[in-house]
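Everything below belongs to final_9.csv, which stores CSV, C-alpha atoms (C1' of nucleotides).
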chain,number,residue,atom,x,y,z
P,1,MET,CA,83.7,95.8,31.6
P,2,ALA,CA,85.0,93.7,28.6
P,3,GLY,CA,88.6,93.5,30.0
P,4,ARG,CA,90.7,90.8,28.4
P,5,HIS,CA,88.8,87.7,27.6
P,6,LEU,CA,85.3,87.1,26.3
P,7,THR,CA,84.3,83.5,26.7
P,8,PRO,CA,82.6,81.7,23.8
P,9,GLU,CA,79.4,81.6,25.9
P,10,GLN,CA,79.5,85.4,26.5
P,11,LEU,CA,80.0,86.0,22.8
P,12,ARG,CA,77.0,83.7,22.0
P,13,HIS,CA,74.8,85.5,24.4
P,14,ILE,CA,75.6,88.9,23.0
P,15,ALA,CA,75.3,87.7,19.5
P,16,GLU,CA,71.9,86.1,20.3
P,17,ARG,CA,70.6,89.5,21.4
P,18,PHE,CA,71.9,91.3,18.4
P,19,LYS,CA,70.3,88.6,16.3
P,20,ALA,CA,66.9,89.5,17.8
P,21,LEU,CA,67.3,93.0,16.3
P,22,ALA,CA,68.7,91.6,13.0
P,23,GLU,CA,65.2,91.0,11.4
P,24,PRO,CA,63.2,93.6,9.6
P,25,SER,CA,60.0,92.2,10.9
P,26,ARG,CA,61.1,92.4,14.5
P,27,LEU,CA,62.4,96.0,14.0
P,28,ASP,CA,59.0,96.9,12.5
P,29,ILE,CA,57.3,95.5,15.6
P,30,LEU,CA,59.5,97.4,18.0
P,31,HIS,CA,58.9,100.5,15.9
P,32,ALA,CA,55.2,99.9,16.3
P,33,LEU,CA,55.6,99.8,20.0
P,34,LYS,CA,57.3,103.2,20.2
P,35,GLY,CA,53.9,104.8,20.8
P,36,GLY,CA,53.3,102.7,23.9
P,37,GLU,CA,51.5,99.5,24.8
P,38,ARG,CA,49.8,97.6,21.9
P,39,THR,CA,47.8,94.4,21.5
P,40,VAL,CA,48.9,91.7,19.1
P,41,SER,CA,46.1,92.7,16.8
P,42,ASP,CA,47.3,96.3,16.8
P,43,ILE,CA,50.7,95.1,15.8
P,44,LEU,CA,49.3,92.9,13.0
P,45,GLU,CA,47.6,95.9,11.6
P,46,ALA,CA,50.6,98.2,12.0
P,47,THR,CA,53.1,95.8,10.4
P,48,GLY,CA,51.0,93.7,8.0
P,49,LEU,CA,52.7,90.5,9.4
P,50,GLY,CA,50.8,87.2,9.5
P,51,GLN,CA,49.4,86.3,13.0
P,52,ALA,CA,51.5,83.2,13.6
P,53,ASN,CA,54.6,84.9,12.3
P,54,ALA,CA,54.2,88.0,14.5
P,55,SER,CA,53.4,85.8,17.5
P,56,LYS,CA,56.7,84.0,17.0
P,57,HIS,CA,58.6,87.2,16.7
P,58,LEU,CA,57.0,88.5,19.8
P,59,GLN,CA,58.1,85.4,21.7
P,60,VAL,CA,61.7,86.0,20.6
P,61,LEU,CA,61.6,89.6,21.7
P,62,TYR,CA,60.0,88.7,25.0
P,63,ALA,CA,62.4,85.8,25.7
P,64,LEU,CA,65.4,88.2,25.3
P,65,GLY,CA,63.9,90.9,27.4
P,66,PHE,CA,63.3,93.5,24.7
P,67,VAL,CA,59.5,93.7,25.4
P,68,GLN,CA,57.2,93.2,28.3
P,69,ARG,CA,53.7,91.8,28.2
P,70,ARG,CA,50.5,91.7,30.1
P,71,LYS,CA,47.3,89.7,29.5
P,72,ASP,CA,44.0,91.4,29.8
P,73,GLY,CA,41.0,89.2,28.9
P,74,ALA,CA,41.6,87.5,25.6
P,75,SER,CA,44.2,90.1,24.5
P,76,THR,CA,47.9,90.4,25.2
P,77,TYR,CA,49.4,93.8,25.5
P,78,TYR,CA,53.1,94.3,24.6
P,79,LYS,CA,55.4,97.2,25.2
P,80,LEU,CA,59.1,98.1,25.0
P,81,ALA,CA,60.9,96.9,28.1
P,82,ASP,CA,63.2,99.9,28.4
P,83,ALA,CA,64.9,102.6,26.4
P,84,ASP,CA,67.9,100.5,25.4
P,85,VAL,CA,66.2,99.3,22.2
P,86,LEU,CA,65.6,102.9,21.1
P,87,ARG,CA,69.2,103.8,21.9
P,88,LEU,CA,70.5,100.8,20.0
P,89,CYS,CA,68.4,101.6,16.9
P,90,ALA,CA,69.3,105.2,17.1
P,91,LEU,CA,73.0,104.4,17.0
P,92,MET,CA,72.5,102.0,14.1
P,93,CYS,CA,70.4,104.5,12.2
P,94,GLY,CA,73.0,107.2,12.8
P,95,ARG,CA,75.6,105.0,11.2
P,96,LEU,CA,73.3,104.4,8.2
P,97,GLU,CA,72.7,108.2,7.8
P,98,LYS,CA,76.4,108.9,7.9
P,99,GLU,CA,76.9,106.3,5.1
P,100,THR,CA,74.2,107.8,3.0
P,101,ALA,CA,75.6,111.3,3.5
P,102,ALA,CA,79.0,110.1,2.5
P,103,ARG,CA,77.7,108.3,-0.5
P,104,SER,CA,75.7,111.3,-1.8
P,105,LYS,CA,78.8,113.5,-1.4
P,106,VAL,CA,80.7,111.1,-3.7
P,107,PHE,CA,78.0,110.9,-6.3
P,108,ARG,CA,77.0,114.6,-6.4
B,1,MET,CA,64.4,110.9,13.5
B,2,ALA,CA,62.3,107.8,12.9
B,3,GLY,CA,59.1,109.7,12.8
B,4,ARG,CA,56.1,107.8,11.4
B,5,HIS,CA,57.0,105.3,8.7
B,6,LEU,CA,60.0,103.1,8.2
B,7,THR,CA,60.1,101.6,4.7
B,8,PRO,CA,60.8,97.9,4.2
B,9,GLU,CA,64.0,99.0,2.6
B,10,GLN,CA,65.1,101.0,5.6
B,11,LEU,CA,64.2,98.1,7.9
B,12,ARG,CA,66.2,95.8,5.8
B,13,HIS,CA,69.2,98.1,5.9
B,14,ILE,CA,69.1,98.5,9.7
B,15,ALA,CA,68.5,94.7,10.2
B,16,GLU,CA,71.5,93.9,7.9
B,17,ARG,CA,73.8,96.0,10.1
B,18,PHE,CA,72.5,94.3,13.3
B,19,LYS,CA,73.1,91.0,11.6
B,20,ALA,CA,76.7,91.8,11.2
B,21,LEU,CA,77.0,92.0,15.0
B,22,ALA,CA,74.8,88.9,15.4
B,23,GLU,CA,77.6,86.4,15.1
B,24,PRO,CA,79.9,85.3,17.9
B,25,SER,CA,82.9,85.1,15.6
B,26,ARG,CA,82.5,88.6,14.3
B,27,LEU,CA,82.1,90.0,17.8
B,28,ASP,CA,85.3,88.1,18.7
B,29,ILE,CA,87.1,89.8,15.8
B,30,LEU,CA,85.8,93.3,16.8
B,31,HIS,CA,86.9,92.6,20.4
B,32,ALA,CA,90.3,91.7,19.1
B,33,LEU,CA,90.5,95.0,17.4
B,34,LYS,CA,89.8,97.0,20.5
B,35,GLY,CA,93.5,97.3,21.1
B,36,GLY,CA,94.1,98.9,17.7
B,37,GLU,CA,95.2,97.9,14.3
B,38,ARG,CA,95.8,94.2,13.7
B,39,THR,CA,96.8,92.0,10.8
B,40,VAL,CA,94.6,89.1,9.7
B,41,SER,CA,97.2,86.8,11.1
B,42,ASP,CA,97.0,88.6,14.5
B,43,ILE,CA,93.2,88.1,14.4
B,44,LEU,CA,93.5,84.4,13.5
B,45,GLU,CA,95.8,84.0,16.6
B,46,ALA,CA,93.5,86.0,18.9
B,47,THR,CA,90.3,84.3,17.9
B,48,GLY,CA,91.3,80.8,16.8
B,49,LEU,CA,89.2,81.2,13.6
B,50,GLY,CA,90.1,79.5,10.4
B,51,GLN,CA,91.8,81.7,7.8
B,52,ALA,CA,89.0,81.5,5.2
B,53,ASN,CA,86.3,81.9,7.7
B,54,ALA,CA,87.9,85.0,9.3
B,55,SER,CA,88.5,86.5,5.9
B,56,LYS,CA,84.9,86.2,5.0
B,57,HIS,CA,83.8,87.7,8.3
B,58,LEU,CA,86.2,90.6,7.8
B,59,GLN,CA,84.7,91.3,4.4
B,60,VAL,CA,81.2,91.5,6.0
B,61,LEU,CA,82.4,93.9,8.7
B,62,TYR,CA,84.3,96.0,6.1
B,63,ALA,CA,81.4,96.1,3.6
B,64,LEU,CA,79.1,97.4,6.3
B,65,GLY,CA,81.6,100.0,7.5
B,66,PHE,CA,82.4,98.5,11.0
B,67,VAL,CA,86.1,98.2,10.2
B,68,GLN,CA,88.6,100.0,8.0
B,69,ARG,CA,91.6,98.4,6.3
B,70,ARG,CA,95.0,99.2,4.9
B,71,LYS,CA,97.4,97.0,2.9
B,72,ASP,CA,101.1,97.0,3.7
B,73,GLY,CA,103.2,94.6,1.8
B,74,ALA,CA,101.6,91.2,1.9
B,75,SER,CA,99.6,92.0,5.0
B,76,THR,CA,96.3,93.7,5.5
B,77,TYR,CA,95.7,95.7,8.7
B,78,TYR,CA,92.2,96.1,10.0
B,79,LYS,CA,90.9,98.4,12.7
B,80,LEU,CA,87.6,99.6,14.1
B,81,ALA,CA,86.1,102.2,11.9
B,82,ASP,CA,84.7,104.3,14.8
B,83,ALA,CA,83.5,104.1,18.4
B,84,ASP,CA,79.9,103.2,17.5
B,85,VAL,CA,80.7,99.4,17.6
B,86,LEU,CA,82.0,99.8,21.2
B,87,ARG,CA,78.9,101.8,22.2
B,88,LEU,CA,76.6,99.2,20.6
B,89,CYS,CA,78.3,96.3,22.3
B,90,ALA,CA,78.5,98.2,25.6
B,91,LEU,CA,74.7,98.8,25.5
B,92,MET,CA,74.0,95.2,24.7
B,93,CYS,CA,76.4,93.9,27.4
B,94,GLY,CA,74.7,96.2,29.9
B,95,ARG,CA,71.4,94.6,29.1
B,96,LEU,CA,73.0,91.2,29.6
B,97,GLU,CA,74.5,92.2,33.0
B,98,LYS,CA,71.1,93.5,34.2
B,99,GLU,CA,69.5,90.2,33.3
B,100,THR,CA,72.2,88.2,35.1
B,101,ALA,CA,71.9,90.4,38.1
B,102,ALA,CA,68.1,90.0,38.1
B,103,ARG,CA,68.4,86.2,37.8
B,104,SER,CA,70.9,85.8,40.6
B,105,LYS,CA,68.6,87.8,42.9
B,106,VAL,CA,65.8,85.4,42.1
B,107,PHE,CA,67.9,82.3,42.7
B,108,ARG,CA,69.7,83.4,45.8
S,1,DT,C1',26.7,74.1,27.0
S,2,DT,C1',28.2,75.9,22.1
S,3,DA,C1',30.3,79.3,19.5
S,4,DC,C1',33.5,82.9,18.6
S,5,DG,C1',37.5,86.1,18.9
S,6,DG,C1',42.4,86.6,20.2
S,7,DT,C1',46.7,84.5,20.7
S,8,DA,C1',50.0,80.7,20.9
S,9,DT,C1',52.0,76.5,19.1
S,10,DA,C1',53.3,72.5,15.8
S,11,DA,C1',54.8,70.9,11.5
S,12,DC,C1',56.6,72.0,7.3
S,13,DT,C1',59.3,74.3,3.3
S,14,DA,C1',62.4,77.3,1.5
S,15,DT,C1',66.2,80.3,2.0
S,16,DA,C1',70.4,82.2,4.1
S,17,DT,C1',74.8,81.5,5.9
S,18,DA,C1',78.7,79.7,9.1
S,19,DG,C1',82.4,76.8,8.6
S,20,DT,C1',85.7,74.1,5.7
S,21,DA,C1',88.8,72.5,1.9
S,22,DA,C1',90.8,73.8,-2.1
S,23,DT,C1',92.4,77.2,-5.1
S,24,DA,C1',93.6,81.8,-6.6
S,25,DT,C1',96.1,86.2,-6.0
S,26,DA,C1',99.5,89.0,-4.6
S,27,DT,C1',103.8,90.2,-2.3
S,28,DG,C1',108.1,89.4,-0.8
S,29,DT,C1',112.8,86.5,-0.7
S,30,DG,C1',116.5,83.5,-2.3
D,1,DC,C1',113.3,82.4,-12.0
D,2,DA,C1',111.3,79.2,-8.1
D,3,DC,C1',109.4,79.3,-3.6
D,4,DA,C1',107.2,80.8,0.6
D,5,DT,C1',104.0,83.8,3.1
D,6,DA,C1',99.6,86.5,3.7
D,7,DT,C1',95.1,87.1,2.3
D,8,DA,C1',91.1,86.5,-0.6
D,9,DT,C1',87.8,83.7,-3.2
D,10,DT,C1',85.1,79.6,-4.7
D,11,DA,C1',82.5,75.5,-4.1
D,12,DC,C1',80.4,72.8,-0.9
D,13,DT,C1',77.8,70.9,3.3
D,14,DA,C1',75.2,71.4,7.4
D,15,DT,C1',72.4,74.1,10.3
D,16,DA,C1',69.3,77.7,11.6
D,17,DT,C1',65.2,80.2,10.9
D,18,DA,C1',61.5,83.2,8.5
D,19,DG,C1',57.1,82.6,6.8
D,20,DT,C1',52.9,79.7,6.1
D,21,DT,C1',49.1,76.5,7.2
D,22,DA,C1',46.6,74.1,10.4
D,23,DT,C1',45.5,73.5,15.0
D,24,DA,C1',45.3,74.1,20.0
D,25,DC,C1',44.3,77.0,23.9
D,26,DC,C1',41.9,80.5,26.6
D,27,DG,C1',38.4,84.1,27.6
D,28,DT,C1',33.9,85.8,26.9
D,29,DA,C1',29.3,86.1,25.3
D,30,DA,C1',25.0,84.1,24.0
Would you encode the structure as structure tokens?
Amino acid sequence: MAGRHLTPEQLRHIAERFKALAEPSRLDILHALKGGERTVSDILEATGLGQANASKHLQVLYALGFVQRRKDGASTYYKLADADVLRLCALMCGRLEKETAARSKVFR
Amino acid sequence: MAGRHLTPEQLRHIAERFKALAEPSRLDILHALKGGERTVSDILEATGLGQANASKHLQVLYALGFVQRRKDGASTYYKLADADVLRLCALMCGRLEKETAARSKVFR
DNA sequence: TTACGGTATAACTATATAGTAATATATGTG
DNA sequence: CACATATATTACTATATAGTTATACCGTAA
């Protein structure tokens, strides 16, 4: 994988997916889904986001395959699509922790 | 890690780092650095980016710790800071490949 | 049917930033 | 010294999008 060339289209597709994770509100939503399936109302309460705003963010996450959804009556239940999101975030958090550790060493 | 709460500041920091990877041009630069240390001129040639544009992107990647740099004479050499970038991109590319595979099944 | 709760969508504003052109800052080289 | 080469920075424009308000849609209960 990723041999010589990456076409502009491939680069755009990968960037588009990283961009879905590049918003604090969407990360907050994903974090709220770590415990399992949740309704939109649950997510609103957990994150404090506005209803319309959260709905838009959920559409983005759904369109790019980061969450799955299921309708039951008037409610929509969302959940993480797979473990990749957690792996991605864990990697990024690890980087952040390393930075913080390095910084605190310097300033101690 | 990532127990109960994530503060708004933590979410911003993580999102900021994903955002660095959320641009096709920056992914192209990182891809160009897979082979090892390269000068800015090398990167311009590999990516076709404008000089000022590439320089700005490199500052972003450097500020967030994705690349390291070293000056030698009039040139600046950049390289990947660690293997995390490759791991992150590999995970994201894997997701993309799964999607493509699923789509081609449907349309076949 | 009407009314209501839960969710999605449209229209809008404000902000962030990618890309470019021009300029600045070094660092050689003659 | 003057001049060229390599990189960084500034100022600007155009575009994308996060958040909000208002509204539409869909189930369900009375």
ask   = Got a sec: who's within 12 Å of DG30 in chain S, counting only C-alpha atoms (C1' of nucleotides), leaving out chain neighbours fewer than 3 positions off, as a ChimeraX atom specification?
value = /D:1-4
Distance query Leu91 in chain B at most 9 Å, all atoms listed in the file, self and fewer than 5 positions along chain excluded, as a CSV table (one decimal) with C-alpha atoms, in the coordinates of the input:
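Generated file (around28.csv):
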chain,number,residue,atom,x,y,z
P,84,ASP,CA,67.9,100.5,25.4
P,87,ARG,CA,69.2,103.8,21.9
P,88,LEU,CA,70.5,100.8,20.0
B,86,LEU,CA,82.0,99.8,21.2
B,96,LEU,CA,73.0,91.2,29.6
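Residue nearest chain S within the list B:Glu9, B:Asp72, B:Glu37, B:Glu45: B:Asp72 [criterion: smallest interatomic distance, only C-alpha atoms (C1' of nucleotides)].
Shortest atom-to-atom contact with chain B among S:DA24, S:DA10, S:DA18, S:DC4: S:DA18, counting only C-alpha atoms (C1' of nucleotides).
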**Prompt:** Could you pull the residues within 12 Å of Ile43 in chain P, counting only C-alpha atoms (C1' of nucleotides), minus those fewer than 2 positions along the same chain, as number ranges by chain?
**Reply:** P: 25-41, 45-51, 53-55, 57-58, 75-79
Open item on the list: Residues within 12 Å of Glu99 in chain P, please, as a ChimeraX atom specification. Count all atoms listed in the file; anything in the same chain fewer than 2 positions from it doesn't count.
Closed with: /P:92-97,101-106 /B:13-14,17,63-66
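Put simply, CA of Ala20 in chain P is 14.8 Å away from CA of Gln68 in chain P.
For the pair CA of Lys56 in chain B and CA of Phe18 in chain B, the interatomic distance is 17.0 Å.
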Given all atoms listed in the file, how would the per-residue table for chain S near chain B read, listing every residue at most 12 Å away with its closest atom pair and distance in Å to one decimal, sorted by chain and number, as JSON lines?
{"residue": "S:DA16", "atom": "C1'", "partner": "B:Lys19", "partner_atom": "CA", "distance": 11.9}
{"residue": "S:DT17", "atom": "C1'", "partner": "B:Glu23", "partner_atom": "CA", "distance": 10.8}
{"residue": "S:DA18", "atom": "C1'", "partner": "B:Asn53", "partner_atom": "CA", "distance": 8.0}
{"residue": "S:DG19", "atom": "C1'", "partner": "B:Asn53", "partner_atom": "CA", "distance": 6.5}
{"residue": "S:DT20", "atom": "C1'", "partner": "B:Asn53", "partner_atom": "CA", "distance": 8.1}
{"residue": "S:DA21", "atom": "C1'", "partner": "B:Ala52", "partner_atom": "CA", "distance": 9.6}
{"residue": "S:DA22", "atom": "C1'", "partner": "B:Ala52", "partner_atom": "CA", "distance": 10.8}
{"residue": "S:DT23", "atom": "C1'", "partner": "B:Ala52", "partner_atom": "CA", "distance": 11.7}
{"residue": "S:DT25", "atom": "C1'", "partner": "B:Ala74", "partner_atom": "CA", "distance": 10.8}
{"residue": "S:DA26", "atom": "C1'", "partner": "B:Ala74", "partner_atom": "CA", "distance": 7.2}
{"residue": "S:DT27", "atom": "C1'", "partner": "B:Ala74", "partner_atom": "CA", "distance": 4.8}
{"residue": "S:DG28", "atom": "C1'", "partner": "B:Ala74", "partner_atom": "CA", "distance": 7.3}
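Residue-level contact on chain D: within 12 Å of chain B, counting only C-alpha atoms (C1' of nucleotides), the set is DA4, DT5, DA6, DT7, DA8, DT9 and DT10 of chain D.
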The residue from P:Val60, P:Val67, P:Leu44, P:Leu6 with the smallest atom-to-atom distance to chain B, counting only C-alpha atoms, is P:Leu6
Set out as a tab-separated table a contact list for chain P and chain B with a cut-off of 6 Å, giving each residue of chain P that qualifies its closest atom pair and distance in Å to one decimal, counting only C-alpha atoms, ordered by chain and rising residue number.
residue	atom	partner	partner_atom	distance
P:Leu11	CA	B:Pro24	CA	5.0
P:Arg12	CA	B:Pro24	CA	5.3
P:Ala15	CA	B:Ala22	CA	4.3
P:Phe18	CA	B:Ala22	CA	4.8
P:Lys19	CA	B:Ala22	CA	4.6
P:Ala22	CA	B:Ala15	CA	4.2
P:Glu23	CA	B:Ala15	CA	5.1
P:Pro24	CA	B:Leu11	CA	4.9
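Between C1' of DT15 in chain D and C1' of DA11 in chain S lies a distance of 17.9 Å.
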